[in-house]
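S.K.: My structure is stored as work_29.cif, with mmCIF, C-alpha atoms and all ligand atoms.
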```cif
data_run
#
loop_
_atom_site.group_PDB
_atom_site.id
_atom_site.type_symbol
_atom_site.label_atom_id
_atom_site.label_comp_id
_atom_site.auth_asym_id
_atom_site.auth_seq_id
_atom_site.Cartn_x
_atom_site.Cartn_y
_atom_site.Cartn_z
ATOM 1 C CA MET R 7 151.375 150.486 204.080
ATOM 2 C CA ALA R 8 152.159 153.329 201.692
ATOM 3 C CA LEU R 9 155.573 153.358 200.005
ATOM 4 C CA LEU R 10 156.099 156.947 201.151
ATOM 5 C CA ASN R 11 154.356 158.346 204.171
ATOM 6 C CA ILE R 12 154.933 161.888 205.379
ATOM 7 C CA GLU R 13 153.312 162.888 208.644
ATOM 8 C CA GLY R 14 153.078 166.373 210.096
ATOM 9 C CA LEU R 15 156.244 167.577 208.369
ATOM 10 C CA SER R 16 157.529 171.055 209.169
ATOM 11 C CA VAL R 17 160.721 172.498 207.692
ATOM 12 C CA VAL R 18 162.606 175.721 208.355
ATOM 13 C CA TYR R 19 165.537 177.301 206.510
ATOM 14 C CA GLY R 20 168.353 178.961 208.383
ATOM 15 C CA GLY R 21 166.608 178.338 211.659
ATOM 16 C CA ALA R 22 164.024 181.005 210.913
ATOM 17 C CA ILE R 23 161.973 180.840 207.731
ATOM 18 C CA ASP R 24 159.026 178.408 207.846
ATOM 19 C CA ALA R 25 158.916 176.815 204.407
ATOM 20 C CA VAL R 26 156.624 173.848 205.133
ATOM 21 C CA SER R 27 154.152 173.458 208.009
ATOM 22 C CA ASP R 28 152.457 170.297 209.216
ATOM 23 C CA VAL R 29 152.323 168.556 205.829
ATOM 24 C CA SER R 30 151.049 164.993 205.570
ATOM 25 C CA LEU R 31 151.048 163.095 202.302
ATOM 26 C CA LYS R 32 151.333 159.576 200.961
ATOM 27 C CA VAL R 33 152.494 157.876 197.810
ATOM 28 C CA GLU R 34 151.120 154.373 197.481
ATOM 29 C CA GLU R 35 153.200 151.723 195.738
ATOM 30 C CA GLY R 36 152.818 152.083 191.956
ATOM 31 C CA ALA R 37 151.088 155.478 192.141
ATOM 32 C CA LEU R 38 151.681 158.668 190.179
ATOM 33 C CA VAL R 39 150.981 161.552 192.542
ATOM 34 C CA ALA R 40 151.187 165.302 191.900
ATOM 35 C CA LEU R 41 152.123 168.006 194.364
ATOM 36 C CA LEU R 42 150.888 171.326 193.011
ATOM 37 C CA GLY R 43 151.240 174.900 194.099
ATOM 38 C CA SER R 44 152.512 178.277 193.031
ATOM 39 C CA ASN R 45 156.031 179.657 193.302
ATOM 40 C CA GLY R 46 157.469 179.413 196.785
ATOM 41 C CA ALA R 47 154.630 177.259 198.152
ATOM 42 C CA GLY R 48 157.142 174.756 199.516
ATOM 43 C CA LYS R 49 156.958 171.984 196.914
ATOM 44 C CA SER R 50 160.692 171.605 196.301
ATOM 45 C CA THR R 51 161.314 171.711 200.028
ATOM 46 C CA ILE R 52 159.120 168.650 200.515
ATOM 47 C CA LEU R 53 161.024 166.738 197.820
ATOM 48 C CA LYS R 54 164.328 167.724 199.439
ATOM 49 C CA ALA R 55 163.075 166.460 202.796
ATOM 50 C CA ILE R 56 162.226 163.123 201.148
ATOM 51 C CA SER R 57 165.542 162.651 199.332
ATOM 52 C CA GLY R 58 167.616 164.011 202.210
ATOM 53 C CA ILE R 59 169.298 167.003 200.556
ATOM 54 C CA LEU R 60 167.720 169.647 202.831
ATOM 55 C CA GLU R 61 170.794 169.695 205.010
ATOM 56 C CA PHE R 62 172.902 170.978 202.097
ATOM 57 C CA GLU R 63 170.731 174.091 201.940
ATOM 58 C CA SER R 64 170.555 175.046 205.602
ATOM 59 C CA GLY R 65 167.118 173.454 205.818
ATOM 60 C CA ALA R 66 166.010 171.377 208.789
ATOM 61 C CA ILE R 67 163.003 169.300 209.735
ATOM 62 C CA THR R 68 161.581 170.732 212.953
ATOM 63 C CA SER R 69 158.755 168.236 213.404
ATOM 64 C CA GLY R 70 157.074 165.293 211.755
ATOM 65 C CA ASP R 71 158.369 162.228 210.005
ATOM 66 C CA VAL R 72 159.222 160.917 206.534
ATOM 67 C CA GLN R 73 158.800 157.173 206.197
ATOM 68 C CA PHE R 74 159.918 155.124 203.213
ATOM 69 C CA GLU R 75 158.826 151.485 203.135
ATOM 70 C CA GLY R 76 157.617 151.840 206.703
ATOM 71 C CA GLN R 77 160.929 153.117 208.100
ATOM 72 C CA SER R 78 161.697 156.645 209.206
ATOM 73 C CA VAL R 79 164.442 158.070 206.983
ATOM 74 C CA VAL R 80 164.932 161.509 208.531
ATOM 75 C CA SER R 81 168.260 160.574 210.062
ATOM 76 C CA ILE R 82 169.493 158.659 207.000
ATOM 77 C CA ARG R 83 171.947 160.407 204.648
ATOM 78 C CA ALA R 84 170.916 161.321 201.111
ATOM 79 C CA HIS R 85 173.217 158.837 199.332
ATOM 80 C CA GLN R 86 171.871 155.993 201.458
ATOM 81 C CA ARG R 87 168.301 156.970 200.629
ATOM 82 C CA ALA R 88 169.279 156.888 196.946
ATOM 83 C CA ARG R 89 170.711 153.418 197.405
ATOM 84 C CA SER R 90 167.541 152.247 199.045
ATOM 85 C CA GLY R 91 165.596 153.384 195.972
ATOM 86 C CA VAL R 92 164.644 157.053 196.322
ATOM 87 C CA MET R 93 165.819 159.089 193.324
ATOM 88 C CA HIS R 94 165.363 162.824 193.006
ATOM 89 C CA VAL R 95 165.259 164.574 189.630
ATOM 90 C CA ARG R 96 166.010 168.092 190.752
ATOM 91 C CA GLU R 97 164.762 171.267 189.153
ATOM 92 C CA GLY R 98 167.127 172.494 186.445
ATOM 93 C CA ARG R 99 168.007 169.372 184.441
ATOM 94 C CA HIS R 100 171.239 168.359 186.074
ATOM 95 C CA VAL R 101 173.321 166.598 183.429
ATOM 96 C CA PHE R 102 177.042 166.596 182.659
ATOM 97 C CA ALA R 103 177.177 168.953 179.690
ATOM 98 C CA SER R 104 180.612 167.895 178.449
ATOM 99 C CA MET R 105 179.836 164.164 178.509
ATOM 100 C CA THR R 106 177.883 162.195 175.932
ATOM 101 C CA VAL R 107 174.313 161.138 176.572
ATOM 102 C CA GLU R 108 175.410 157.537 177.031
ATOM 103 C CA ASP R 109 178.214 158.432 179.454
ATOM 104 C CA ASN R 110 175.746 160.501 181.467
ATOM 105 C CA LEU R 111 173.627 157.382 181.872
ATOM 106 C CA LYS R 112 176.626 155.214 182.752
ATOM 107 C CA ALA R 113 177.877 157.751 185.304
ATOM 108 C CA ALA R 114 174.445 157.838 186.933
ATOM 109 C CA GLY R 115 174.868 154.176 187.817
ATOM 110 C CA PHE R 116 178.174 154.847 189.562
ATOM 111 C CA ALA R 117 176.618 157.660 191.519
ATOM 112 C CA VAL R 118 174.295 155.376 193.432
ATOM 113 C CA GLY R 119 177.068 152.927 194.161
ATOM 114 C CA LYS R 120 176.342 149.400 195.169
ATOM 115 C CA ARG R 121 172.733 149.334 194.108
ATOM 116 C CA HIS R 122 173.637 148.998 190.407
ATOM 117 C CA PRO R 123 177.361 149.754 190.083
ATOM 118 C CA VAL R 124 177.890 149.607 186.333
ATOM 119 C CA PRO R 125 174.825 149.936 184.150
ATOM 120 C CA GLY R 126 174.913 147.276 181.456
ATOM 121 C CA LYS R 127 173.784 147.520 177.859
ATOM 122 C CA LYS R 128 170.299 146.372 178.826
ATOM 123 C CA ASP R 129 169.936 149.066 181.471
ATOM 124 C CA ILE R 130 170.885 151.737 178.944
ATOM 125 C CA GLU R 131 168.665 150.266 176.201
ATOM 126 C CA ARG R 132 165.768 150.311 178.628
ATOM 127 C CA ILE R 133 166.148 154.087 178.977
ATOM 128 C CA TYR R 134 166.310 154.494 175.174
ATOM 129 C CA ASP R 135 163.125 152.442 174.859
ATOM 130 C CA PHE R 136 161.294 155.001 176.960
ATOM 131 C CA PHE R 137 163.120 157.977 175.443
ATOM 132 C CA PRO R 138 163.921 157.107 171.800
ATOM 133 C CA ARG R 139 165.209 160.647 171.306
ATOM 134 C CA LEU R 140 168.040 159.899 173.753
ATOM 135 C CA GLY R 141 168.897 156.785 171.792
ATOM 136 C CA GLU R 142 169.208 158.873 168.643
ATOM 137 C CA ARG R 143 171.499 161.308 170.446
ATOM 138 C CA GLN R 144 173.483 158.752 172.470
ATOM 139 C CA GLY R 145 176.910 159.775 171.117
ATOM 140 C CA GLY R 146 176.214 163.520 171.277
ATOM 141 C CA LEU R 147 177.247 165.811 174.094
ATOM 142 C CA ALA R 148 174.547 166.414 176.674
ATOM 143 C CA GLY R 149 175.294 170.131 176.596
ATOM 144 C CA PHE R 150 174.037 170.295 173.012
ATOM 145 C CA LEU R 151 170.678 168.698 173.765
ATOM 146 C CA SER R 152 167.513 170.796 173.776
ATOM 147 C CA GLY R 153 165.901 171.650 177.109
ATOM 148 C CA GLY R 154 163.341 168.875 176.715
ATOM 149 C CA GLU R 155 166.010 166.325 175.813
ATOM 150 C CA GLN R 156 168.084 167.347 178.837
ATOM 151 C CA GLN R 157 165.024 166.862 181.012
ATOM 152 C CA MET R 158 164.585 163.393 179.498
ATOM 153 C CA LEU R 159 168.236 162.630 180.216
ATOM 154 C CA ALA R 160 167.893 163.818 183.820
ATOM 155 C CA ILE R 161 164.917 161.461 184.239
ATOM 156 C CA GLY R 162 166.807 158.662 182.480
ATOM 157 C CA ARG R 163 169.747 159.135 184.841
ATOM 158 C CA ALA R 164 167.436 158.782 187.823
ATOM 159 C CA MET R 165 165.887 155.633 186.372
ATOM 160 C CA ILE R 166 169.107 153.823 185.605
ATOM 161 C CA SER R 167 169.440 152.391 189.104
ATOM 162 C CA ARG R 168 165.848 151.122 188.995
ATOM 163 C CA PRO R 169 164.542 153.146 191.935
ATOM 164 C CA LYS R 170 161.328 152.410 193.791
ATOM 165 C CA LEU R 171 160.298 156.045 194.109
ATOM 166 C CA MET R 172 161.180 158.840 191.709
ATOM 167 C CA LEU R 173 160.747 162.475 192.750
ATOM 168 C CA VAL R 174 160.466 164.826 189.778
ATOM 169 C CA ASP R 175 160.742 168.568 190.371
ATOM 170 C CA GLU R 176 159.170 170.862 187.761
ATOM 171 C CA ALA R 177 159.762 168.595 184.775
ATOM 172 C CA SER R 178 157.830 170.913 182.466
ATOM 173 C CA LEU R 179 159.347 174.224 183.547
ATOM 174 C CA GLY R 180 160.435 176.379 180.609
ATOM 175 C CA LEU R 181 159.536 173.782 177.984
ATOM 176 C CA ALA R 182 157.281 174.256 174.986
ATOM 177 C CA PRO R 183 153.791 172.863 175.760
ATOM 178 C CA MET R 184 154.153 169.959 173.323
ATOM 179 C CA ILE R 185 157.492 168.886 174.802
ATOM 180 C CA ALA R 186 156.128 169.159 178.336
ATOM 181 C CA GLU R 187 153.184 166.977 177.286
ATOM 182 C CA ASP R 188 155.597 164.416 175.781
ATOM 183 C CA ILE R 189 157.547 164.215 179.013
ATOM 184 C CA PHE R 190 154.424 163.706 181.109
ATOM 185 C CA THR R 191 153.111 161.098 178.713
ATOM 186 C CA ILE R 192 156.390 159.190 179.048
ATOM 187 C CA LEU R 193 156.381 159.541 182.850
ATOM 188 C CA ALA R 194 152.859 158.083 182.908
ATOM 189 C CA GLN R 195 153.976 155.263 180.611
ATOM 190 C CA ILE R 196 156.976 154.485 182.834
ATOM 191 C CA ASN R 197 154.662 154.450 185.858
ATOM 192 C CA ARG R 198 152.179 152.140 184.140
ATOM 193 C CA GLU R 199 154.656 149.747 182.568
ATOM 194 C CA THR R 200 157.272 149.455 185.295
ATOM 195 C CA GLY R 201 155.187 150.160 188.401
ATOM 196 C CA LEU R 202 157.696 152.828 189.459
ATOM 197 C CA SER R 203 156.032 155.146 191.984
ATOM 198 C CA ILE R 204 156.384 158.795 191.007
ATOM 199 C CA LEU R 205 155.820 162.029 192.912
ATOM 200 C CA VAL R 206 155.845 165.031 190.595
ATOM 201 C CA VAL R 207 156.038 168.625 191.717
ATOM 202 C CA GLU R 208 154.462 171.028 189.264
ATOM 203 C CA GLN R 209 153.080 174.449 188.623
ATOM 204 C CA ASN R 210 151.362 173.138 185.500
ATOM 205 C CA VAL R 211 147.965 172.034 186.811
ATOM 206 C CA ASN R 212 146.523 170.831 183.520
ATOM 207 C CA LEU R 213 149.364 168.531 182.689
ATOM 208 C CA SER R 214 149.611 167.065 186.160
ATOM 209 C CA LEU R 215 145.935 166.397 186.673
ATOM 210 C CA LYS R 216 145.688 164.786 183.282
ATOM 211 C CA HIS R 217 148.185 162.122 184.292
ATOM 212 C CA ALA R 218 148.234 161.866 188.095
ATOM 213 C CA GLU R 219 145.789 159.694 189.997
ATOM 214 C CA TYR R 220 145.979 161.763 193.170
ATOM 215 C CA ALA R 221 147.003 165.339 193.866
ATOM 216 C CA TYR R 222 147.921 167.569 196.778
ATOM 217 C CA ILE R 223 147.623 171.332 196.575
ATOM 218 C CA LEU R 224 150.114 173.308 198.631
ATOM 219 C CA GLU R 225 149.744 176.945 199.612
ATOM 220 C CA ASN R 226 152.157 178.825 201.845
ATOM 221 C CA GLY R 227 153.706 175.587 203.057
ATOM 222 C CA ARG R 228 150.413 173.890 203.940
ATOM 223 C CA ILE R 229 148.269 171.342 202.128
ATOM 224 C CA VAL R 230 144.973 173.094 201.421
ATOM 225 C CA LEU R 231 143.329 170.434 199.266
ATOM 226 C CA GLU R 232 143.903 166.823 198.244
ATOM 227 C CA GLY R 233 142.124 164.128 196.294
ATOM 228 C CA THR R 234 141.698 162.490 192.926
ATOM 229 C CA PRO R 235 141.589 164.894 189.979
ATOM 230 C CA ASP R 236 137.805 164.410 189.768
ATOM 231 C CA GLY R 237 137.318 164.544 193.508
ATOM 232 C CA ILE R 238 138.988 167.906 193.924
ATOM 233 C CA GLY R 239 136.860 169.510 191.263
ATOM 234 C CA GLY R 240 138.999 169.142 188.178
ATOM 235 C CA ARG R 241 141.601 171.295 186.577
ATOM 236 C CA GLU R 242 139.640 174.523 186.332
ATOM 237 C CA ALA R 243 138.809 174.512 190.034
ATOM 238 C CA ILE R 244 142.427 173.990 191.021
ATOM 239 C CA SER R 245 143.732 176.603 188.622
ATOM 240 C CA ALA R 246 141.217 179.058 190.027
ATOM 241 C CA LEU R 247 142.183 178.172 193.582
ATOM 242 C CA TYR R 248 145.835 178.831 193.341
ATOM 243 C CA LEU R 249 145.793 181.498 190.733
ATOM 244 C CA GLY R 250 143.748 183.483 193.226
ATOM 245 C CA GLY R 251 140.351 182.869 191.699
ATOM 246 C CA SER R 252 141.281 184.012 188.220
HETATM 247 P P1 LIG L 301 159.494 177.002 193.312
HETATM 248 O O1 LIG L 301 158.565 176.532 192.292
HETATM 249 O O2 LIG L 301 159.815 178.461 193.180
HETATM 250 O O3 LIG L 301 160.709 176.150 193.513
HETATM 251 P P2 LIG L 301 158.427 175.785 195.681
HETATM 252 O O4 LIG L 301 156.963 175.595 195.895
HETATM 253 O O5 LIG L 301 159.204 174.605 195.264
HETATM 254 O O6 LIG L 301 158.646 176.964 194.666
HETATM 255 P P3 LIG L 301 160.339 176.034 197.772
HETATM 256 O O7 LIG L 301 161.489 176.169 196.850
HETATM 257 O O8 LIG L 301 160.162 174.776 198.500
HETATM 258 O O9 LIG L 301 158.999 176.384 197.017
HETATM 259 O O10 LIG L 301 160.415 177.256 198.806
HETATM 260 C C1 LIG L 301 159.528 177.393 199.908
HETATM 261 C C2 LIG L 301 159.946 178.611 200.728
HETATM 262 O O11 LIG L 301 161.233 178.380 201.312
HETATM 263 C C3 LIG L 301 160.067 179.893 199.937
HETATM 264 O O12 LIG L 301 159.614 180.951 200.738
HETATM 265 C C4 LIG L 301 161.542 179.997 199.666
HETATM 266 O O13 LIG L 301 161.933 181.357 199.534
HETATM 267 C C5 LIG L 301 162.150 179.389 200.912
HETATM 268 N N1 LIG L 301 163.441 178.735 200.613
HETATM 269 C C6 LIG L 301 163.651 177.760 199.698
HETATM 270 N N2 LIG L 301 164.937 177.354 199.692
HETATM 271 C C7 LIG L 301 165.568 178.109 200.613
HETATM 272 C C8 LIG L 301 166.922 178.183 201.089
HETATM 273 N N3 LIG L 301 167.873 177.374 200.615
HETATM 274 N N4 LIG L 301 167.195 179.090 202.063
HETATM 275 C C9 LIG L 301 166.225 179.909 202.557
HETATM 276 N N5 LIG L 301 164.949 179.881 202.168
HETATM 277 C C10 LIG L 301 164.609 179.004 201.205
#
```
Produce structure tokens that represent the structure in this file.
Ligand code: ATP
M.R.:
Amino acid sequence: MALLNIEGLSVVYGGAIDAVSDVSLKVEEGALVALLGSNGAGKSTILKAISGILEFESGAITSGDVQFEGQSVVSIRAHQRARSGVMHVREGRHVFASMTVEDNLKAAGFAVGKRHPVPGKKDIERIYDFFPRLGERQGGLAGFLSGGEQQMLAIGRAMISRPKLMLVDEASLGLAPMIAEDIFTILAQINRETGLSILVVEQNVNLSLKHAEYAYILENGRIVLEGTPDGIGGREAISALYLGGS
């Protein structure tokens, strides 16, 4: 049984716009999977359907199912999904700018409630082990961090409650190539060393296929190709596919 199993998912916004149509995808336990596609393909919508925040954006599932650990979660509220181990790192590096790095991490523990109410020293140190840069900046305000550091903090916040599945939306967006590479390298390390299952949404094909073991390509709300990076023809083939053959 896959940790996450999506079957025939269709989503509309505002009762009219079809954002995702008949999408099926899986994330096996311990896997690092990439969901690729150009702007507006429907990638973020799929993540929102998994974490349960679609309803805050006038989105609705019109057919299909999202199963986490074998149970359908479509009627379960977002905060309960978070408690059961699904954490969503949304696009845009959501951190509390006027709080220190460390307080951002502590507050993240409160946010998921009972699962891990107050993160202890060890929980925080564990995040600094993966992101030494955050450790160096622990007393500084999050608002003064660079874009890459804020992205690291957003990922650290999601990890503090020790989720089972982490959804990462556009981690590399707007970052210098070297910083984006660093973040992916750390995500792959976290996946390898902790067994945390990760589903990343990306426009950056090269980075994703370098680190993911399986990828889905989304176009106009539909999966048009899936497989291992080698099986789907490698990075050049995918870039060509969704950059319109260029
Ligand atoms: P991006 O990289 O730009 O976020 P994406 O692949 O994640 O792209 P989505 O954000 O999932 O794409 O959007 C899929 C489609 O749904 C697009 O046509 C988009 O305009 C539409 N859409 C997304 N969010 C909303 C919303 N809150 N209300 C109405 N339409 C929306």
S.K.: Exactly which residues make up the result of the PyMOL selection byres (((chain R and resi 19) around 12) and not hetatm) on this file, given as a PyMOL selection string?
M.R.: chain R and resi 16-18+20-26+48+51+54-55+60-68
S.K.: Please write the residues picked by the PyMOL selection byres (((chain R and resi 214) around 10) and not hetatm) on this file as a list in words.
M.R.: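 This file, filtered by the PyMOL selection byres (((chain R and resi 214) around 10) and not hetatm), leaves Leu38, Val39, Ala40, Leu41, Leu42, Ser178, Glu187, Phe190, Val206, Val207, Glu208, Gln209, Asn210, Val211, Asn212, Leu213, Leu215, Lys216, His217, Ala218, Glu219, Tyr220, Ala221, Pro235 and Arg241 of chain R.
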S.K.: Padding 8 Å on every side, please: axis-aligned box over the listed atoms of ligand LIG 301 (chain L), centre and edge lengths to one decimal in Å, as AutoDock Vina command-line options.
M.R.:
```
--center_x 162.4 --center_y 178.0 --center_z 197.4 --size_x 26.9 --size_y 22.8 --size_z 26.3
```
S.K.: Measuring between all atoms listed in the file, which one of R:Gly58, R:Ala84, R:Ser167, R:Arg96 shows the shortest distance to R:Leu111?
M.R.: R:Ser167
S.K.: Using only C-alpha atoms, can you tell me which of R:Val33, R:Met105, R:Ile59, R:Ala177 comes closest to R:His85?
M.R.: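 Nearest candidate to R:His85 out of R:Val33, R:Met105, R:Ile59, R:Ala177: R:Ile59.
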S.K.: Interatomic distance between atom CA of R:Ile133 and atom CA of R:Gln86?
M.R.: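 Distance between the two atoms: 23.3 Å.
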S.K.: Once the PyMOL selection byres (((chain R and resi 188) around 12) and not hetatm) has been applied to the shown file, what residues remain in the selection, as a ChimeraX atom specification?
M.R.: /R:136-139,154-155,157-158,177-178,181-187,189-195,213,217
S.K.: Compare R:Val107, R:Ile12, R:Val174, R:Ile223 by their minimum atom-to-atom distance to R:Val92, counting only C-alpha atoms, and give me the closest one.
M.R.: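 Between R:Val107, R:Ile12, R:Val174, R:Ile223, the residue approaching R:Val92 most closely is R:Val174.
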S.K.: List as a PyMOL selection string the protein and nucleic acid residues near R:Gly76, meaning an atom at most 10 Å away when all atoms listed in the file are counted, but skip any in the same chain fewer than 2 places from it.
M.R.: chain R and resi 7-11+72-74+78-79
S.K.: Calculated over all atoms listed in the file, which of the candidates R:Arg87, R:Ala160, R:Val80, R:Ser57 has the smallest distance to R:Ala103?
M.R.: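 So, comparing all the options, the nearest one is R:Ala160.
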S.K.: If you measure from atom CA of R:Gly233 to atom CA of R:Leu15, what distance in Å do you get, rounded to one decimal?
M.R.: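 Here the two named atoms are 18.9 Å from each other.
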